[in-house]
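This is model04.cif. It holds mmCIF, C-alpha atoms.
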```cif
data_coords
loop_
_atom_site.group_PDB
_atom_site.id
_atom_site.type_symbol
_atom_site.label_atom_id
_atom_site.label_comp_id
_atom_site.auth_asym_id
_atom_site.auth_seq_id
_atom_site.Cartn_x
_atom_site.Cartn_y
_atom_site.Cartn_z
ATOM 1 C CA MET A 28 -47.146 -67.520 4.618
ATOM 2 C CA PHE A 29 -50.066 -66.714 6.887
ATOM 3 C CA TRP A 30 -48.803 -68.298 10.107
ATOM 4 C CA GLY A 31 -45.813 -66.098 10.960
ATOM 5 C CA VAL A 32 -44.440 -65.036 14.348
ATOM 6 C CA SER A 33 -46.874 -62.155 14.587
ATOM 7 C CA ASP A 34 -49.781 -64.554 14.032
ATOM 8 C CA PHE A 35 -48.547 -66.830 16.824
ATOM 9 C CA ILE A 36 -48.308 -63.839 19.121
ATOM 10 C CA SER A 37 -51.779 -62.839 18.017
ATOM 11 C CA LEU A 38 -53.091 -66.327 18.764
ATOM 12 C CA THR A 39 -51.402 -66.263 22.171
ATOM 13 C CA GLY A 40 -53.035 -62.921 22.810
ATOM 14 C CA ILE A 41 -56.441 -64.356 21.941
ATOM 15 C CA LEU A 42 -55.935 -67.352 24.247
ATOM 16 C CA ILE A 43 -54.881 -65.111 27.107
ATOM 17 C CA ASN A 44 -57.904 -62.928 26.509
ATOM 18 C CA ILE A 45 -60.206 -65.947 26.532
ATOM 19 C CA LEU A 46 -58.742 -67.031 29.885
ATOM 20 C CA LEU A 47 -59.120 -63.519 31.223
ATOM 21 C CA ILE A 48 -62.744 -63.335 30.107
ATOM 22 C CA TYR A 49 -63.419 -66.471 32.147
ATOM 23 C CA PHE A 50 -61.383 -65.110 35.059
ATOM 24 C CA VAL A 51 -62.982 -61.726 34.899
ATOM 25 C CA SER A 52 -66.461 -63.213 34.889
ATOM 26 C CA ASN A 53 -66.018 -64.452 38.463
ATOM 27 C CA LYS A 54 -66.731 -62.352 41.503
ATOM 28 C CA ILE A 55 -63.026 -61.819 42.053
ATOM 29 C CA GLN A 56 -63.044 -59.576 38.999
ATOM 30 C CA LYS A 57 -63.510 -56.275 40.768
ATOM 31 C CA ASN A 58 -60.447 -56.879 42.925
ATOM 32 C CA ILE A 59 -58.397 -57.945 39.926
ATOM 33 C CA SER A 60 -59.509 -55.307 37.421
ATOM 34 C CA ASN A 61 -58.684 -52.444 39.769
ATOM 35 C CA THR A 62 -55.086 -53.574 40.204
ATOM 36 C CA ARG A 63 -52.256 -51.758 38.464
ATOM 37 C CA PHE A 64 -51.154 -55.093 36.999
ATOM 38 C CA PHE A 65 -54.455 -55.707 35.234
ATOM 39 C CA LYS A 66 -54.734 -52.127 34.015
ATOM 40 C CA ASP A 67 -51.209 -52.247 32.624
ATOM 41 C CA TYR A 68 -51.901 -55.613 31.009
ATOM 42 C CA THR A 69 -55.085 -54.314 29.403
ATOM 43 C CA ILE A 70 -53.407 -51.150 28.144
ATOM 44 C CA ASN A 71 -50.543 -53.196 26.693
ATOM 45 C CA GLU A 72 -53.000 -55.518 24.974
ATOM 46 C CA LEU A 73 -54.807 -52.485 23.550
ATOM 47 C CA LYS A 74 -51.539 -50.987 22.317
ATOM 48 C CA SER A 75 -50.518 -54.279 20.758
ATOM 49 C CA LEU A 76 -53.889 -54.681 19.072
ATOM 50 C CA LYS A 77 -53.745 -51.107 17.764
ATOM 51 C CA GLU A 78 -50.329 -51.778 16.233
ATOM 52 C CA ARG A 79 -51.415 -55.035 14.638
ATOM 53 C CA SER A 80 -54.599 -53.473 13.284
ATOM 54 C CA CYS A 81 -52.861 -50.410 11.876
ATOM 55 C CA ASN A 82 -50.035 -52.503 10.396
ATOM 56 C CA PHE A 83 -52.582 -54.713 8.713
ATOM 57 C CA LEU A 84 -54.585 -51.774 7.353
ATOM 58 C CA ILE A 85 -51.495 -49.897 6.161
ATOM 59 C CA GLY A 86 -50.234 -53.118 4.633
ATOM 60 C CA LEU A 87 -53.372 -53.271 2.485
ATOM 61 C CA GLU A 88 -52.310 -50.243 0.509
ATOM 62 C CA SER A 89 -48.622 -50.888 0.272
ATOM 63 C CA LYS A 90 -48.610 -54.555 -0.710
ATOM 64 C CA ASN A 91 -50.415 -56.665 -3.271
ATOM 65 C CA LEU A 92 -51.848 -59.163 -0.838
ATOM 66 C CA ASN A 93 -53.836 -62.218 -1.770
ATOM 67 C CA SER A 94 -57.529 -61.407 -1.396
ATOM 68 C CA ARG A 95 -58.211 -64.567 0.605
ATOM 69 C CA ILE A 96 -55.465 -63.752 3.087
ATOM 70 C CA ILE A 97 -56.919 -60.252 3.417
ATOM 71 C CA GLN A 98 -60.335 -61.723 4.296
ATOM 72 C CA SER A 99 -58.761 -64.137 6.775
ATOM 73 C CA ASN A 100 -56.754 -61.391 8.468
ATOM 74 C CA PHE A 101 -59.816 -59.167 8.713
ATOM 75 C CA ILE A 102 -61.641 -61.968 10.533
ATOM 76 C CA SER A 103 -58.731 -62.411 12.970
ATOM 77 C CA ILE A 104 -58.422 -58.694 13.732
ATOM 78 C CA ILE A 105 -62.153 -58.313 14.317
ATOM 79 C CA ASN A 106 -62.271 -61.376 16.573
ATOM 80 C CA GLU A 107 -59.414 -59.939 18.631
ATOM 81 C CA HIS A 108 -61.162 -56.610 18.966
ATOM 82 C CA ASN A 109 -64.328 -58.373 20.027
ATOM 83 C CA ALA A 110 -62.478 -60.456 22.646
ATOM 84 C CA LEU A 111 -60.696 -57.439 24.132
ATOM 85 C CA ASN A 112 -63.918 -55.466 24.053
ATOM 86 C CA LYS A 113 -65.569 -58.088 26.252
ATOM 87 C CA ILE A 114 -62.808 -57.666 28.838
ATOM 88 C CA LEU A 115 -63.144 -53.883 28.799
ATOM 89 C CA GLU A 116 -66.922 -54.081 29.142
ATOM 90 C CA GLN A 117 -66.890 -56.640 31.951
ATOM 91 C CA ALA A 118 -63.902 -55.320 33.891
ATOM 92 C CA TYR A 119 -64.376 -51.581 33.432
ATOM 93 C CA ASP A 120 -67.786 -51.059 31.856
ATOM 94 C CA ILE A 121 -66.012 -49.361 28.941
ATOM 95 C CA HIS A 122 -67.744 -49.748 25.569
ATOM 96 C CA PHE A 123 -65.633 -47.588 23.275
ATOM 97 C CA LEU A 124 -63.777 -50.447 21.655
ATOM 98 C CA ARG A 125 -67.064 -51.748 20.298
ATOM 99 C CA SER A 126 -67.364 -48.677 18.078
ATOM 100 C CA ILE A 127 -63.886 -49.310 16.640
ATOM 101 C CA THR A 128 -64.819 -52.921 15.968
ATOM 102 C CA LEU A 129 -67.952 -51.842 14.142
ATOM 103 C CA LYS A 130 -65.951 -49.333 12.077
ATOM 104 C CA LEU A 131 -63.546 -52.092 11.113
ATOM 105 C CA ILE A 132 -66.486 -54.231 10.064
ATOM 106 C CA ASP A 133 -67.891 -51.360 7.992
ATOM 107 C CA PHE A 134 -64.547 -50.971 6.281
ATOM 108 C CA GLN A 135 -64.277 -54.699 5.657
ATOM 109 C CA MET A 136 -67.735 -54.567 4.075
ATOM 110 C CA LEU A 137 -66.595 -51.725 1.817
ATOM 111 C CA VAL A 138 -63.691 -53.876 0.665
ATOM 112 C CA GLU A 139 -65.804 -57.007 0.192
ATOM 113 C CA ASP A 140 -68.389 -55.220 -1.924
ATOM 114 C CA ASP A 141 -65.757 -53.581 -4.116
ATOM 115 C CA GLN A 142 -65.850 -55.166 -7.563
ATOM 116 C CA THR A 143 -62.083 -55.397 -7.880
ATOM 117 C CA PHE A 144 -61.934 -57.308 -4.593
ATOM 118 C CA VAL A 145 -64.814 -59.558 -5.622
ATOM 119 C CA THR A 146 -63.056 -60.408 -8.878
ATOM 120 C CA ALA A 147 -59.773 -61.075 -7.083
ATOM 121 C CA PHE A 148 -61.444 -63.185 -4.380
ATOM 122 C CA SER A 149 -63.418 -65.374 -6.752
ATOM 123 C CA SER A 150 -60.185 -66.341 -8.488
ATOM 124 C CA SER A 151 -58.004 -66.262 -5.342
ATOM 125 C CA ASN A 152 -55.858 -63.477 -6.754
ATOM 126 C CA GLU A 153 -54.049 -60.479 -5.318
ATOM 127 C CA TRP A 154 -55.997 -57.299 -4.757
ATOM 128 C CA VAL A 155 -54.879 -53.729 -5.312
ATOM 129 C CA MET A 156 -56.767 -51.124 -3.298
ATOM 130 C CA THR A 157 -58.869 -48.662 -5.260
ATOM 131 C CA ASP A 158 -58.643 -44.881 -4.743
ATOM 132 C CA GLN A 159 -62.163 -44.809 -3.332
ATOM 133 C CA ILE A 160 -61.286 -47.197 -0.547
ATOM 134 C CA HIS A 161 -57.979 -45.446 0.052
ATOM 135 C CA GLN A 162 -59.638 -42.414 1.620
ATOM 136 C CA SER A 163 -61.884 -44.548 3.838
ATOM 137 C CA LEU A 164 -58.813 -46.417 4.995
ATOM 138 C CA HIS A 165 -57.000 -43.261 6.056
ATOM 139 C CA ASP A 166 -60.082 -42.025 7.887
ATOM 140 C CA LEU A 167 -60.377 -45.346 9.695
ATOM 141 C CA ILE A 168 -56.740 -45.438 10.798
ATOM 142 C CA GLY A 169 -57.084 -41.910 12.182
ATOM 143 C CA GLU A 170 -60.210 -42.876 14.098
ATOM 144 C CA ILE A 171 -58.581 -45.986 15.573
ATOM 145 C CA MET A 172 -55.602 -43.965 16.812
ATOM 146 C CA THR A 173 -57.845 -41.354 18.420
ATOM 147 C CA GLU A 174 -60.243 -43.762 20.064
ATOM 148 C CA ILE A 175 -57.577 -46.034 21.507
ATOM 149 C CA HIS A 176 -55.842 -42.988 22.983
ATOM 150 C CA SER A 177 -59.156 -42.165 24.717
ATOM 151 C CA LEU A 178 -59.479 -45.764 25.869
ATOM 152 C CA ASN A 179 -56.051 -45.714 27.530
ATOM 153 C CA TYR A 180 -57.076 -42.598 29.427
ATOM 154 C CA SER A 181 -60.383 -44.177 30.504
ATOM 155 C CA ILE A 182 -58.716 -47.358 31.777
ATOM 156 C CA ASN A 183 -56.113 -45.443 33.759
ATOM 157 C CA ASN A 184 -58.821 -43.419 35.429
ATOM 158 C CA LYS A 185 -60.982 -46.381 36.477
ATOM 159 C CA MET B 15 -93.451 -77.881 18.767
ATOM 160 C CA ASN B 16 -90.111 -76.736 20.161
ATOM 161 C CA ASN B 17 -88.185 -73.791 18.760
ATOM 162 C CA ILE B 18 -86.177 -74.584 15.654
ATOM 163 C CA GLU B 19 -82.414 -74.265 15.996
ATOM 164 C CA ILE B 20 -79.685 -73.764 13.437
ATOM 165 C CA ASN B 21 -76.024 -73.731 14.387
ATOM 166 C CA ILE B 22 -74.102 -72.237 11.479
ATOM 167 C CA GLY B 23 -70.858 -74.061 12.316
ATOM 168 C CA LYS B 24 -72.507 -77.467 12.602
ATOM 169 C CA ASP B 25 -75.379 -77.205 10.117
ATOM 170 C CA PHE B 26 -73.729 -75.137 7.390
ATOM 171 C CA ASN B 27 -69.933 -74.879 7.559
ATOM 172 C CA LEU B 28 -67.164 -73.937 9.997
ATOM 173 C CA ARG B 29 -65.708 -71.508 7.477
ATOM 174 C CA THR B 30 -68.206 -69.161 5.928
ATOM 175 C CA GLY B 31 -67.591 -67.200 2.738
ATOM 176 C CA LEU B 32 -68.615 -63.829 1.371
ATOM 177 C CA ARG B 33 -71.891 -62.507 0.011
ATOM 178 C CA HIS B 34 -72.669 -64.413 -3.164
ATOM 179 C CA CYS B 35 -72.325 -67.928 -4.562
ATOM 180 C CA SER B 36 -70.459 -66.537 -7.568
ATOM 181 C CA ILE B 37 -67.714 -65.171 -5.328
ATOM 182 C CA SER B 38 -67.096 -67.860 -2.760
ATOM 183 C CA GLU B 39 -68.127 -71.192 -1.323
ATOM 184 C CA PHE B 40 -70.443 -71.232 1.679
ATOM 185 C CA SER B 41 -71.712 -67.762 0.891
ATOM 186 C CA GLY B 42 -74.455 -65.826 2.645
ATOM 187 C CA GLU B 43 -76.624 -66.375 -0.428
ATOM 188 C CA LEU B 44 -76.190 -70.157 -0.119
ATOM 189 C CA PHE B 45 -76.831 -70.154 3.637
ATOM 190 C CA TYR B 46 -80.019 -68.182 3.104
ATOM 191 C CA HIS B 47 -81.386 -70.409 0.367
ATOM 192 C CA SER B 48 -80.284 -73.760 1.774
ATOM 193 C CA LEU B 49 -81.259 -73.260 5.413
ATOM 194 C CA LEU B 50 -82.495 -69.905 6.598
ATOM 195 C CA ASN B 51 -85.508 -69.149 4.384
ATOM 196 C CA LYS B 52 -87.266 -72.516 4.716
ATOM 197 C CA ASN B 53 -86.592 -72.907 8.439
ATOM 198 C CA PHE B 54 -87.814 -69.395 9.134
ATOM 199 C CA LYS B 55 -91.053 -70.108 7.288
ATOM 200 C CA LYS B 56 -91.394 -73.342 9.262
ATOM 201 C CA ALA B 57 -90.976 -71.402 12.515
ATOM 202 C CA ILE B 58 -93.734 -68.980 11.490
ATOM 203 C CA ASP B 59 -96.080 -71.817 10.473
ATOM 204 C CA ASN B 60 -95.583 -73.536 13.831
ATOM 205 C CA LYS B 61 -95.632 -70.327 15.871
ATOM 206 C CA VAL B 62 -92.203 -71.022 17.363
ATOM 207 C CA GLN B 63 -88.932 -69.143 17.077
ATOM 208 C CA LEU B 64 -85.994 -69.867 14.823
ATOM 209 C CA ILE B 65 -82.821 -69.669 16.887
ATOM 210 C CA VAL B 66 -79.668 -69.158 14.847
ATOM 211 C CA ASP B 67 -76.473 -69.739 16.795
ATOM 212 C CA ILE B 68 -73.649 -67.862 15.098
ATOM 213 C CA ASP B 69 -70.898 -68.962 17.488
ATOM 214 C CA GLY B 70 -68.708 -71.944 16.745
ATOM 215 C CA VAL B 71 -67.222 -70.693 13.510
ATOM 216 C CA ARG B 72 -63.855 -69.037 13.056
ATOM 217 C CA GLY B 73 -65.448 -65.718 12.202
ATOM 218 C CA TYR B 74 -67.560 -63.921 9.644
ATOM 219 C CA SER B 75 -67.253 -61.597 6.735
ATOM 220 C CA PRO B 76 -69.795 -58.800 7.073
ATOM 221 C CA SER B 77 -71.096 -59.459 3.581
ATOM 222 C CA PHE B 78 -72.024 -63.026 4.602
ATOM 223 C CA ILE B 79 -73.936 -61.761 7.625
ATOM 224 C CA ASP B 80 -75.573 -58.968 5.645
ATOM 225 C CA GLU B 81 -76.722 -61.205 2.789
ATOM 226 C CA SER B 82 -78.020 -63.933 5.122
ATOM 227 C CA PHE B 83 -80.079 -61.882 7.541
ATOM 228 C CA GLY B 84 -80.799 -59.066 5.125
ATOM 229 C CA ASN B 85 -82.608 -61.412 2.769
ATOM 230 C CA LEU B 86 -84.797 -62.520 5.666
ATOM 231 C CA ILE B 87 -85.877 -58.917 6.195
ATOM 232 C CA TYR B 88 -86.453 -58.455 2.471
ATOM 233 C CA ASP B 89 -88.561 -61.584 2.071
ATOM 234 C CA PHE B 90 -90.532 -61.570 5.306
ATOM 235 C CA GLY B 91 -90.427 -57.984 6.570
ATOM 236 C CA TYR B 92 -88.993 -56.543 9.763
ATOM 237 C CA ASP B 93 -91.994 -57.359 11.973
ATOM 238 C CA PHE B 94 -91.902 -61.075 11.276
ATOM 239 C CA VAL B 95 -88.129 -61.250 11.709
ATOM 240 C CA VAL B 96 -88.178 -59.468 15.053
ATOM 241 C CA LYS B 97 -90.956 -61.756 16.276
ATOM 242 C CA TYR B 98 -89.730 -65.125 15.041
ATOM 243 C CA LEU B 99 -85.927 -64.882 14.819
ATOM 244 C CA VAL B 100 -83.447 -65.085 17.683
ATOM 245 C CA ILE B 101 -79.766 -64.750 16.894
ATOM 246 C CA LYS B 102 -77.664 -66.337 19.569
ATOM 247 C CA ALA B 103 -74.068 -65.179 20.069
ATOM 248 C CA GLU B 104 -71.995 -65.267 23.234
ATOM 249 C CA LYS B 105 -68.528 -65.204 21.735
ATOM 250 C CA LEU B 106 -69.165 -63.373 18.436
ATOM 251 C CA ASN B 107 -71.623 -60.933 19.966
ATOM 252 C CA VAL B 108 -70.348 -57.913 18.028
ATOM 253 C CA TRP B 109 -72.368 -59.220 15.081
ATOM 254 C CA LEU B 110 -75.618 -58.734 17.003
ATOM 255 C CA ASP B 111 -74.960 -54.968 16.991
ATOM 256 C CA TYR B 112 -74.072 -55.034 13.320
ATOM 257 C CA ILE B 113 -77.173 -56.954 12.307
ATOM 258 C CA GLN B 114 -79.478 -54.792 14.413
ATOM 259 C CA HIS B 115 -78.063 -51.384 13.479
ATOM 260 C CA GLN B 116 -76.779 -51.899 9.945
ATOM 261 C CA THR B 117 -78.322 -54.884 8.234
ATOM 262 C CA TYR B 118 -81.912 -54.603 9.419
ATOM 263 C CA PRO B 119 -82.413 -50.872 8.601
ATOM 264 C CA ALA B 120 -80.725 -51.155 5.207
ATOM 265 C CA TRP B 121 -82.735 -54.157 4.072
ATOM 266 C CA LYS B 122 -85.966 -52.801 5.535
ATOM 267 C CA GLN B 123 -85.539 -49.885 3.191
ATOM 268 C CA ARG B 124 -84.757 -52.200 0.292
ATOM 269 C CA ARG B 125 -88.003 -54.038 0.868
ATOM 270 C CA GLU B 126 -89.924 -50.769 0.974
ATOM 271 C CA VAL B 127 -88.610 -49.726 -2.435
ATOM 272 C CA SER B 128 -88.615 -53.247 -3.864
ATOM 273 C CA ASN B 129 -84.878 -53.198 -4.529
ATOM 274 C CA ARG B 130 -84.569 -56.897 -5.272
ATOM 275 C CA PRO B 131 -81.507 -58.787 -3.956
ATOM 276 C CA GLN B 132 -79.190 -60.197 -6.580
ATOM 277 C CA LYS B 133 -79.094 -63.971 -7.010
ATOM 278 C CA THR B 134 -75.946 -65.341 -8.590
ATOM 279 C CA GLU B 135 -77.101 -68.922 -8.786
ATOM 280 C CA SER B 136 -80.342 -70.652 -9.588
ATOM 281 C CA HIS B 137 -82.139 -71.567 -6.348
ATOM 282 C CA PRO B 138 -85.258 -73.624 -5.742
ATOM 283 C CA GLU B 139 -88.336 -71.485 -5.043
ATOM 284 C CA TRP B 140 -88.243 -69.756 -1.697
ATOM 285 C CA TRP B 141 -90.779 -68.058 0.554
ATOM 286 C CA ARG B 142 -91.711 -64.390 0.584
ATOM 287 C CA TYR B 143 -94.418 -62.447 2.396
ATOM 288 C CA VAL B 144 -96.157 -60.236 -0.146
ATOM 289 C CA ASN B 145 -99.532 -58.476 0.089
ATOM 290 C CA ASN B 146 -100.369 -60.185 3.396
ATOM 291 C CA GLU B 147 -99.730 -63.692 2.172
ATOM 292 C CA PHE B 148 -96.851 -66.116 1.817
ATOM 293 C CA VAL B 149 -95.890 -66.916 -1.759
ATOM 294 C CA LYS B 150 -93.142 -68.873 -3.393
ATOM 295 C CA VAL B 151 -90.811 -66.910 -5.642
ATOM 296 C CA SER B 152 -87.927 -67.603 -7.970
ATOM 297 C CA TYR B 153 -85.840 -65.590 -10.441
#
```
Could you render the structure as structure tokens?
Amino acid sequence: MFWGVSDFISLTGILINILLIYFVSNKIQKNISNTRFFKDYTINELKSLKERSCNFLIGLESKNLNSRIIQSNFISIINEHNALNKILEQAYDIHFLRSITLKLIDFQMLVEDDQTFVTAFSSSNEWVMTDQIHQSLHDLIGEIMTEIHSLNYSINNK
Amino acid sequence: MNNIEINIGKDFNLRTGLRHCSISEFSGELFYHSLLNKNFKKAIDNKVQLIVDIDGVRGYSPSFIDESFGNLIYDFGYDFVVKYLVIKAEKLNVWLDYIQHQTYPAWKQRREVSNRPQKTESHPEWWRYVNNEFVKVSY
């Protein structure tokens, strides 16, 4: 149930990013990161990550997901953000994605400290989002959209 | 004596849980009471640093991180933690920001107002720095 096509793609994305981090850390990086190819690749990765993140977050409110799967997916999304952030920082000295990652972590904390989630998690049950978290979720999705739009602009102008 | 090192993936578990023992296995509460508190005190006694490597696990829930390192601030105070603790993270480095800017300030304030952390399981006595001395506590 957890390992679907999208998760394989996500895993592939992580592996590619790990290779790129190693690649980018060499002195060749400046030549590579300034190429149209690398910029386009990075922007595509950002777009893909934005879609996966927003789909996951929107999915929280529309489906009764198992609380343990929610926690697992949060971990995956945050790891992906962190990996892509390292590329942006090393290749372009762009740090904006870090703030999105931290906002995601804050939101995950809000969920994890919510009593209904705690109850669901301790018995491995489904979780239904509370109204209080609903509003935070909508704010977060809006912020992610805005910040990634700014990131695309920054990468293109590097 | 050399610095003391803990690798969460090797010394605790590859998959960490949430905040409390009552919620999940391998919780932040368990990590703190089984490894972090006593090794931190040992580092202070021997005037070395405790190095906690947080890489090597699949990932973290923020409540695990918050409960683990927050309790260290609550029990020993910010000054001791900054002096004797090093958190090592190359891959999962986003957590360094989180711990520094969220966990430490929040738990520093908790210590100032004596807002005691919740314990959901009975733990052996652990160390706390109170009134300029180290004491063992339990509740």
Could you list the residues chosen by the PyMOL selection byres ((chain A) within 12 of (chain B)) in this structure as a ChimeraX atom specification? /A:44-45,48-49,94-95,97-114,122,124-151
Using all atoms listed in the file, pick whichever of A:Gln117, A:Ser181, A:Ser80, A:Asn91 has the shortest atom-to-atom distance to A:Ile168.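 So, comparing all the options, the nearest one is A:Ser80.
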Could you state which residues are captured by the PyMOL selection byres ((chain B and resi 70) around 6) in this file, as a PDB file with C-alpha atoms, in the frame of the given file?
```
ATOM      1  CA  GLY B  23     -70.858 -74.061  12.316  1.00  0.00           C
ATOM      2  CA  ASP B  69     -70.898 -68.962  17.488  1.00  0.00           C
ATOM      3  CA  VAL B  71     -67.222 -70.693  13.510  1.00  0.00           C
TER       4      VAL B  71
END
```
Which neighbours of B:Asn21 fall inside 6 Å, counting all atoms listed in the file, when residues of the same chain fewer than 4 positions from it are skipped, and could you give them as a PyMOL selection string? chain B and resi 25+66-67
Residue subset to file, keeping C-alpha atoms, as a PDB file, in the coordinates of the input:
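Result file part-v8.pdb:
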```pdb
ATOM      1  CA  ASP B  25     -75.379 -77.205  10.117  1.00  0.00           C
ATOM      2  CA  VAL B  66     -79.668 -69.158  14.847  1.00  0.00           C
ATOM      3  CA  ASP B  67     -76.473 -69.739  16.795  1.00  0.00           C
TER       4      ASP B  67
END
```
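With all atoms listed in the file taken into account, the protein and nucleic acid residues at most 7 Å from B:Phe40 (excluding it and anything under 5 positions from it in its own chain) are Asn27, Thr30, Gly31 and Phe45 of chain B.
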Residues within 6 Å of B:Asn17, please, as a list in words. Count only C-alpha atoms; anything in the same chain fewer than 6 positions from it doesn't count.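 Counting only the stated atoms, we get Val62, Gln63 and Leu64 of chain B.
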Nearest to A:Gly86, chosen from A:Asn61, A:Ile182, A:Val155, A:Lys66, with only C-alpha atoms counted in the distances: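 So, comparing all the options, the nearest one is A:Val155.
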One-decimal distance in Å that lies between atom CA of B:Leu99 and atom CA of B:Val144: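 Interatomic distance here is 18.7 Å.
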Pull the neighbourhood of (-86.6, -56.3, -2.2) for me: all residues within 12 Å in file coordinates, counting only C-alpha atoms, as a list in words.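 Every residue inside that radius is included here: Gly84, Asn85, Leu86, Ile87, Tyr88, Asp89, Phe90, Gly91, Ala120, Trp121, Lys122, Gln123, Arg124, Arg125, Glu126, Val127, Ser128, Asn129, Arg130, Pro131, Gln132, Lys133, Arg142, Tyr143, Val144 and Val151 of chain B.
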Please save C-alpha atoms of the selected residues as a short mmCIF file (atom, residue, chain, number, x, y, z; two decimals), in the coordinates of the input.
```
data_model
loop_
_atom_site.label_atom_id
_atom_site.label_comp_id
_atom_site.auth_asym_id
_atom_site.auth_seq_id
_atom_site.Cartn_x
_atom_site.Cartn_y
_atom_site.Cartn_z
CA GLY B 84 -80.80 -59.07 5.12
CA ASN B 85 -82.61 -61.41 2.77
CA LEU B 86 -84.80 -62.52 5.67
CA ILE B 87 -85.88 -58.92 6.20
CA TYR B 88 -86.45 -58.46 2.47
CA ASP B 89 -88.56 -61.58 2.07
CA PHE B 90 -90.53 -61.57 5.31
CA GLY B 91 -90.43 -57.98 6.57
CA ALA B 120 -80.72 -51.16 5.21
CA TRP B 121 -82.74 -54.16 4.07
CA LYS B 122 -85.97 -52.80 5.54
CA GLN B 123 -85.54 -49.88 3.19
CA ARG B 124 -84.76 -52.20 0.29
CA ARG B 125 -88.00 -54.04 0.87
CA GLU B 126 -89.92 -50.77 0.97
CA VAL B 127 -88.61 -49.73 -2.44
CA SER B 128 -88.62 -53.25 -3.86
CA ASN B 129 -84.88 -53.20 -4.53
CA ARG B 130 -84.57 -56.90 -5.27
CA PRO B 131 -81.51 -58.79 -3.96
CA GLN B 132 -79.19 -60.20 -6.58
CA LYS B 133 -79.09 -63.97 -7.01
CA ARG B 142 -91.71 -64.39 0.58
CA TYR B 143 -94.42 -62.45 2.40
CA VAL B 144 -96.16 -60.24 -0.15
CA VAL B 151 -90.81 -66.91 -5.64
#
```
Which residues fall under the PyMOL selection byres ((chain B and resi 54) around 9) in this file, as a list in words?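 Selected by the PyMOL selection byres ((chain B and resi 54) around 9) here: Ile18, Leu49, Leu50, Asn51, Lys52, Asn53, Lys55, Lys56, Ala57, Ile58, Asp59, Gln63, Leu64, Leu86, Val95, Tyr98 and Leu99 of chain B.
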Would you mind completing stretch 38-49 of chain B to N, CA and C atoms and writing the output as an mmCIF file, in the coordinates of the input?
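So the final result, stored in out26.cif, reads:
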```cif
data_model
loop_
_atom_site.group_PDB
_atom_site.id
_atom_site.type_symbol
_atom_site.label_atom_id
_atom_site.label_comp_id
_atom_site.auth_asym_id
_atom_site.auth_seq_id
_atom_site.Cartn_x
_atom_site.Cartn_y
_atom_site.Cartn_z
ATOM 1 N N SER B 38 -67.761 -66.936 -3.683
ATOM 2 C CA SER B 38 -67.096 -67.860 -2.760
ATOM 3 C C SER B 38 -67.990 -69.037 -2.411
ATOM 4 N N GLU B 39 -67.371 -70.064 -1.876
ATOM 5 C CA GLU B 39 -68.127 -71.192 -1.323
ATOM 6 C C GLU B 39 -68.765 -70.752 -0.018
ATOM 7 N N PHE B 40 -69.777 -71.466 0.394
ATOM 8 C CA PHE B 40 -70.443 -71.232 1.679
ATOM 9 C C PHE B 40 -70.747 -69.758 1.901
ATOM 10 N N SER B 41 -71.378 -69.177 0.883
ATOM 11 C CA SER B 41 -71.712 -67.762 0.891
ATOM 12 C C SER B 41 -72.974 -67.514 1.713
ATOM 13 N N GLY B 42 -73.219 -66.221 1.979
ATOM 14 C CA GLY B 42 -74.455 -65.826 2.645
ATOM 15 C C GLY B 42 -75.661 -66.191 1.804
ATOM 16 N N GLU B 43 -75.538 -66.025 0.502
ATOM 17 C CA GLU B 43 -76.624 -66.375 -0.428
ATOM 18 C C GLU B 43 -76.971 -67.860 -0.290
ATOM 19 N N LEU B 44 -75.953 -68.719 -0.235
ATOM 20 C CA LEU B 44 -76.190 -70.157 -0.119
ATOM 21 C C LEU B 44 -76.807 -70.502 1.230
ATOM 22 N N PHE B 45 -76.288 -69.891 2.293
ATOM 23 C CA PHE B 45 -76.831 -70.154 3.637
ATOM 24 C C PHE B 45 -78.308 -69.779 3.689
ATOM 25 N N TYR B 46 -78.634 -68.632 3.077
ATOM 26 C CA TYR B 46 -80.019 -68.182 3.104
ATOM 27 C C TYR B 46 -80.935 -69.161 2.374
ATOM 28 N N HIS B 47 -80.502 -69.571 1.195
ATOM 29 C CA HIS B 47 -81.386 -70.409 0.367
ATOM 30 C C HIS B 47 -81.382 -71.870 0.775
ATOM 31 N N SER B 48 -80.327 -72.342 1.393
ATOM 32 C CA SER B 48 -80.284 -73.760 1.774
ATOM 33 C C SER B 48 -80.894 -74.007 3.151
ATOM 34 N N LEU B 49 -80.831 -73.012 4.028
ATOM 35 C CA LEU B 49 -81.259 -73.260 5.413
ATOM 36 C C LEU B 49 -82.206 -72.199 5.986
#
```
